[in-house]
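Below is one structure, written out as structure tokens; comments come after it.
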Amino acid sequence: MRIATATTLLAIMLTAATGAAAQPAYPVIPEPMIFDMMRPLGAQQGEMEVNALAMTTSPFRPRAAEWAPEVEYAFADGKAIEFELPFNGAKLEAFKLGLQAAFGASADGRSAHGVQYLGIYDRETGRYSNSLLYMAGHRFDARWSMMNMVGVDDIALKRRNGRNALLLNHATFYDVAAGTIAGVELNVAGGRERLVRVAPQLHQRLAAKVNVQAAAGVEKHRHHRARPTLGVRLVREL
């Protein structure tokens, strides 16, 4: 998809979110560790975060790890932007831009929804790709909550091999104690990758604005056997 078309998508997304701040208070729902969000849906203007995610299927080969530092900023209530630098080992593979907008809360502030846009420029191929996801979260009670994200990857006006593929991410969380959250995340990607990943995870707050998340699970790519995967994300709110 051309950059001009991507810009149109962003404009539609942000326009649709107008008025979200007038909705009931947003529920507090953790962010999935692997396919994370650009601040929670109820983020307030001025909130900022830096974090880095590292994932590997070869824990004894650090150079095989994929990792990505990123900066997230809420430029308005319910609206956030993200800049990310995906690395493979020591190689910078891409530049990534994300935008997110909340549409509001419902069910007496227990449910919330919004939309997320991701744009990726691949440095090796010079290709720009887009994805768009709808997000719906719900808090069942003081302990249990979930976040669902479903959308389309590598958007194109004409359907081609690997284009307009399904993206599905589901996460269920359980608040174990103050500052400690357990969860399990499911990632499904169609297209060329055809990836399925299940990642049980633990989120632990180390200080008022410092959080560490760790996951150990299994993933399956097309034409490959299932293999274990490990991940860790360090989060610092500013």
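Identifiers in the structure tokens: chain A, B, ... in order shown; residue index from 1 per chain; ligand index from 1 in order shown.
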Compile a residue-level contact table for stretch 43-102 of chain A against stretch 122-144 of chain A at a cut-off of 8 Å, reporting for every qualifying residue the shortest atom pair and its distance in Å to one decimal, with only C-alpha atoms counted, rows ordered by chain and ascending number, as CSV.
residue,atom,partner,partner_atom,distance
A:Leu92,CA,A:Arg123,CA,7.9
A:Glu93,CA,A:Arg123,CA,5.7
A:Ala94,CA,A:Asp122,CA,4.6
A:Phe95,CA,A:Asp122,CA,6.8
| query | Can you list, as a PyMOL selection string, every protein, DNA or RNA residue that comes within 12 Å of stretch 186-201 of chain A when you count only C-alpha atoms, leaving out same-chain residues fewer than 6 positions away? | reply | chain A and resi 30-36+55+57+131+146-155+159-174+180+212-233
| said: Could you tell me how far atom CA of A:Leu97 sits from atom CA of A:Tyr117, in Å to one decimal place? | reply: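 We find that atom CA of A:Tyr117 and atom CA of A:Leu97 lie 8.2 Å from each other.
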| task | Run DSSP on the backbone and grab whatever in chain A lands in alpha helix (DSSP H); send it over as JSON, numbers by chain. | result | {"A": [3, 4, 5, 6, 7, 8, 9, 10, 11, 12, 13, 14, 15, 16]}
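Proximity ranking of A:Gly119, A:Pro27, A:Pro69, A:Gly109 relative to A:Glu49 places A:Pro69 first, based on only C-alpha atoms.
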| With only C-alpha atoms as the atoms that count, which of A:Ile120, A:Val235, A:Ala65, A:Ala107 lies nearest to A:Glu84? |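 Checking each of A:Ile120, A:Val235, A:Ala65, A:Ala107 against A:Glu84, counting only C-alpha atoms, the winner is A:Ile120.
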